[in-house]
Structures are given as structure tokens and as C-alpha cells.
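Data block below; observations after.
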Amino acid sequence: EADGSSWKDLMADSFDEIELFRGPRSNDDEAVGILKCTINVYKKEENGEYANMKDPTDIMSAPKDVNEIFKSEEVEVRVYILKAIQMSPKEADKGAAENYIRLTLGSKSVSFKEDLDESLNPEFYKCYSMRTRLPGVSQLQIAMFDENDISGDELIGATTVDLEDRWFCEAWRNMIYKPVEVRDLYNTDAPDVSQGKLQMIVDVMDAMTAQSTPPEDINIFSRKMRMQMRIIVWDTAKVVPMDRYTSDVFVRIQHLGEAGSVKSSQQTDVHPACKKSELGHFNYRMIFNSEYPVKNENLLFRISLWDEDLTANESIAEGVLPLETLFREAFERNLGKTSAEEMQSVFLKGNEKDVVMHDNKAYPFKWVDVFHPNHGFGPWNLRGKVKLTAEVMPRPLARKMPAGKGRNGPQELPEPIRPPRPANPIFEPDKCKAYIVWTCKEFILNRKTCMICCCCVLLLSVAIPLLFFFRQAFGF
């Protein structure tokens, strides 16, 4: 933003635009063109200086020659195409279109089939350029096509950018970094239905500047960085019980690849007999190695809660945590750094005060809500929460600051406080004793009301006969 207004508002005063229609206009008519102009309105005072003026050119502030205001210049248009989102394939039996970009400016049209990407979310990260003169032909169409060698290439959708609005807007031209635009793509077959979204940056510069200013290299795929992500599962909360009033809970985290495939999977140990009203404790670290960026992958991680069972584990709930933004931040912070001493790690942040302190290190954490698809996704369908820390760093920094999996060192994590598990009374008598004591305690606590009632009945059953005996024996 600049001066409190968005960048789109900055271009609003470049021109007055009037749509043109052929013949009498009805509600269904399509515009056949746009008239660009600048309209100035002056107040004519009844008894003022211009009261008897007949020729508007007599006004001292009359508009200048339009050719002086909008000087014709040769310019280079650079369109940085980042990626497209949720593209609709033209053929129903195709999983994804064979997408490529075509730029059209007036009678010029250029296709870039060398960068074809067959995906529902194609990624390009390329700069495409064209030359033109402004003012002049200024409606740049950026289209996505589906290549088809048999029936011919088909238009998926297109968007139109007005170059003059940008070029003749001083505030836009003075921006050091041009804004990232996310534009819907449409076609005439369904003019009101978006066929996908295109993420892009448009830049315009005069031809002389363009000769001495090479396009920015945005091909991030040529600058892959090896990353390590460390996830610490601290606790769970509000876990729906699967065995009457408890669950033997463990947490599984899976790194998802393209089309939901599982690239790697890790899980915690088990917190036994976890109640919905109590926290499940884990303090368990998982380590995932990956590269960034990865083409056509959004770095999604599935977090699921399970109830351990002797026959088959039961799914309690799951959720998907998108971490592409976290990886991108780590990538941008460490781009160009060659030594581990210069590099930085990046944490997934929750609320500002949500921090776990351990060994003088602060671990920001986030609570992730999980649901079950069979039970709905509303707030009243919540089936559990997972408290976790996610940290991403370049691999050289990970080697300099190693950490063990689970609760193992380096950077050892504390043992969680959990109820005891059944143990062999011969080989592990202390553990067996602790389990028996805990079981009795839980039995009493879970049947507190029943136990109180039983005690009251027992007391009454003793007190009433005693009272009757004393009345008979002593006459009162």
C-alpha cells in the first residue's frame, strides 16, 4: 500500500473509462470497447471572471495538448508468471490440463509452450516480455491454454491487464517492488465462472531502461535448498474417548506429496488411558528432511490422532497443516548464505505468548484442531487438539545444531508425566505396584458419586440399629 490506499486505487485516476456498446443498450449487451479520456469540469461563476466566456480555451488553466501529457514511448512489458491455482481441465477424462501461457497484445501473440506444465496447480516462475508503444495498444491478454495435438489447443481461461493505467500512474511507476496480483481466469463458454487463478507480477519500463536492466530471475526451482523440519508434539487435549471414557492415544504426522500421496510418516509413542478432560503428554520430536521449492507440491502435513488397539488402531481425528509459507520464509531468509553461522531457523507461530521453555530455549507452539470426516468440521464437531512446535532450517544449520528423534539427545526432551502401564509383577514389581495403585485410585475417582452413596448407606445401616439399641437400652 502507498499513502493509505491499495495499489489498485492508485491507478483509478489515470483515465476516465467509458464502455462502448453497439446500438441501443440492453442489460444483456456486451461492451465492444472502452473509450479512455480525461474529463475536467470547471465551475462557471454567474458574476465571476468567466461569466461571459464563450471559448473554453480562454481559461488560463485549460488542459494542455494531450500529446504533451501522454507522451508516446516505446516500452517493454515484463510479465512474471508465478503459478496458477485450481485450473479446470478442458476434458473431463483428463486429470490435469497441459498448461502453457500465451500473451496477446493487439495483433501480437506469443505462446510459451516450452514451459508447459501438466498439473492442476502449474508452477512457472518465469518472466515473459513484449515490446509496444504507450499510449497505444494497451490491453494485454494473459491466457492459459491446454495443449492438444489431436483437436487443437484450447483456451482454459484468460485475464486482461490494462498497461496504460499502470504506465501513466506516477505512484505505480515509482513503486520499487511491483505488487503480486492474483487474477481470475475466464472464458466465453462460462463468462461468470472462474476457471482458475493466476499469480503474477506486471512490470513496464521504457526501452532504454530495459536494455540496462535484465529481468529478475524468479526461477526458484533452479535454487533448491535442502531443508530439515523438526516437529515436537507436546500435548493433546479434548480427545474424544474411543474406549468408554478413555483412549490410548498416539499422534501420527505424514508428509503429503502430489495428489495426497504419503512421502514419509512418523508417529509418537502412546499415552495410555487418556481422558477427554485431561491432557495427553508426549514431548516427542519428529524430523523430516525435504527440499524447497518442490514443483507442484504445497508442503502439506497430515496430523492424525489414533487410539491404539490390540486388533486394529482406530482413527480418532485428523487435520492438514499447510507449511509451504514456513518453508518459503526459511528459504528467503537463508538464500545466498553459505555458512551455518549465518543461517537462521524459522518457527511456526501461534499466539505471541504461546511458548514452551526448555533448556533455556523458547519453543513457540500452536494448537491444531482435528476433526473426523464422518462427523463434520464445525466447531461443535471438534474431536481433539494437538499442541506442537514446527521449526524449519537449512540442512547445514541442522548439522551444526543436531537434535535426536523422540525424546533422545542431542537436545533431549523431558519424559512426559503419564499414568503407569501394566507390568510383570515378578520382573517389574515397582511398576506393577504403581499400576495397581493408580488403577484403584482411578476406580474410586471415576465412581466417586457411587462410592459416596455406598458410604452413606453403610453409615446409615450402622447408625440406625445403634440408635434403636440405645433407645431401647436407655429409654431415649
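Here, A, B, ... name the chains of the C-alpha cells in the order displayed, residue numbers run from 1 inside each chain, and ligands are numbered from 1 in the same displayed order.
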
Near-range 238-253 of chain A list (6 Å; only C-alpha atoms; drop same-chain fewer than 3 positions) as a PDB file with C-alpha atoms, in the first residue's frame:
```pdb
ATOM      1  CA  SER A 265       5.252 -40.948   8.058  1.00  0.00           C
ATOM      2  CA  GLN A 266       6.240 -40.822  11.742  1.00  0.00           C
ATOM      3  CA  GLN A 267       4.339 -41.279  14.990  1.00  0.00           C
ATOM      4  CA  THR A 268       4.709 -40.741  18.727  1.00  0.00           C
ATOM      5  CA  ASP A 269       4.604 -43.330  21.453  1.00  0.00           C
ATOM      6  CA  VAL A 270       1.312 -43.986  23.263  1.00  0.00           C
ATOM      7  CA  HIS A 271      -0.261 -42.055  26.116  1.00  0.00           C
ATOM      8  CA  PRO A 272      -2.461 -44.708  27.782  1.00  0.00           C
ATOM      9  CA  ALA A 273      -5.926 -44.149  29.223  1.00  0.00           C
ATOM     10  CA  CYS A 274      -6.183 -40.505  28.143  1.00  0.00           C
ATOM     11  CA  LYS A 275      -9.438 -38.859  29.199  1.00  0.00           C
ATOM     12  CA  LYS A 276     -11.200 -36.117  27.272  1.00  0.00           C
ATOM     13  CA  ARG A 302      -1.419 -34.566   7.820  1.00  0.00           C
ATOM     14  CA  ILE A 303      -1.786 -34.687  11.611  1.00  0.00           C
ATOM     15  CA  SER A 304      -3.912 -37.546  12.916  1.00  0.00           C
ATOM     16  CA  LEU A 305      -4.912 -38.883  16.322  1.00  0.00           C
ATOM     17  CA  TRP A 306      -5.229 -42.634  16.829  1.00  0.00           C
ATOM     18  CA  ASP A 307      -6.463 -44.972  19.537  1.00  0.00           C
ATOM     19  CA  GLU A 308      -4.117 -47.944  19.937  1.00  0.00           C
ATOM     20  CA  ARG A 383     -12.554 -34.359  18.227  1.00  0.00           C
ATOM     21  CA  GLY A 384      -9.219 -33.248  19.602  1.00  0.00           C
TER      22      GLY A 384
END
```

| task | Excluding range 396-401 of chain A and any residue of its chain fewer than 2 positions from it, enumerate the residues within 8 Å of it, using only C-alpha atoms, and give them as a ChimeraX atom specification. | result | /A:228,339-341,343-345,393-394,403

| remark: As a check of understanding: the span from CA of Leu35 in chain A to CA of Arg133 in chain A is 18.1 Å

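For range 281-349 of chain A, backbone-based DSSP labels the following residues as alpha helix (DSSP H): Glu324, Thr325, Leu326, Phe327, Arg328, Glu329, Ala330, Phe331, Glu332, Arg333 and Asn334 of chain A.
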
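Of the residues listed (A:Gly106, A:Gly196, A:Pro373, A:Gly136), A:Gly136 shows the shortest atom-to-atom separation from Ser72 in chain A; distances use only C-alpha atoms.
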
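Proximity to Asp354 in chain A at 12 Å, evaluated using only C-alpha atoms and with sequence-adjacent residues fewer than 5 positions away removed, yields Leu348, Lys349, Ala362, Tyr363, Pro364, Phe365, Lys366, Trp367, Lys387, Leu388 and Thr389 of chain A.
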
Deliver the residues from the most recent selection as a file, using C-alpha atoms, as a PDB file, in the first residue's frame.
```pdb
ATOM      1  CA  LEU A 348       5.561 -21.769  13.016  1.00  0.00           C
ATOM      2  CA  LYS A 349       3.976 -19.140  15.231  1.00  0.00           C
ATOM      3  CA  ALA A 362      11.978 -20.876  23.666  1.00  0.00           C
ATOM      4  CA  TYR A 363       9.772 -23.095  21.501  1.00  0.00           C
ATOM      5  CA  PRO A 364       6.754 -21.238  20.054  1.00  0.00           C
ATOM      6  CA  PHE A 365       3.818 -23.621  19.811  1.00  0.00           C
ATOM      7  CA  LYS A 366       0.470 -23.794  18.051  1.00  0.00           C
ATOM      8  CA  TRP A 367      -2.721 -25.715  18.844  1.00  0.00           C
ATOM      9  CA  LYS A 387      -0.099 -28.799  20.665  1.00  0.00           C
ATOM     10  CA  LEU A 388       3.028 -28.734  18.526  1.00  0.00           C
ATOM     11  CA  THR A 389       6.123 -26.770  17.549  1.00  0.00           C
TER      12      THR A 389
END
```

| message | Just want the 10 Å neighbourhood of Trp167 in chain A, counted on only C-alpha atoms, with same-chain residues fewer than 2 positions away dropped. Output as a VMD selection string. | response | chain A and resid 11 14 70 75 134 to 135 138 162 to 165 169 to 173 203 to 206

Can those selected residues be exported to a file as a PDB file, in the first residue's frame so that it contains C-alpha atoms?
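Contents of the output file out.pdb:
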```
ATOM      1  CA  MET A  11      -4.478   3.725 -10.822  1.00  0.00           C
ATOM      2  CA  SER A  14      -5.100   7.613 -14.601  1.00  0.00           C
ATOM      3  CA  PHE A  70       0.742  11.362 -22.571  1.00  0.00           C
ATOM      4  CA  VAL A  75       8.204   0.307 -23.527  1.00  0.00           C
ATOM      5  CA  LEU A 134       2.232   3.667 -24.997  1.00  0.00           C
ATOM      6  CA  PRO A 135      -0.202   5.265 -25.351  1.00  0.00           C
ATOM      7  CA  SER A 138      -2.591  -1.470 -24.122  1.00  0.00           C
ATOM      8  CA  ASP A 162      -4.558  -2.510 -18.903  1.00  0.00           C
ATOM      9  CA  LEU A 163      -0.977  -1.331 -19.365  1.00  0.00           C
ATOM     10  CA  GLU A 164      -1.791   2.370 -19.769  1.00  0.00           C
ATOM     11  CA  ASP A 165      -3.430   2.510 -16.339  1.00  0.00           C
ATOM     12  CA  CYS A 169       0.131   6.284 -12.932  1.00  0.00           C
ATOM     13  CA  GLU A 170       3.110   8.024 -11.327  1.00  0.00           C
ATOM     14  CA  ALA A 171       2.647   6.320  -7.951  1.00  0.00           C
ATOM     15  CA  TRP A 172       2.651   2.874  -9.578  1.00  0.00           C
ATOM     16  CA  ARG A 173       5.741   3.663 -11.656  1.00  0.00           C
ATOM     17  CA  ASP A 203       6.180  -4.507 -14.782  1.00  0.00           C
ATOM     18  CA  VAL A 204       6.524  -1.852 -17.506  1.00  0.00           C
ATOM     19  CA  MET A 205       9.650   0.186 -18.248  1.00  0.00           C
ATOM     20  CA  ASP A 206      10.916   2.338 -21.084  1.00  0.00           C
TER      21      ASP A 206
END
```
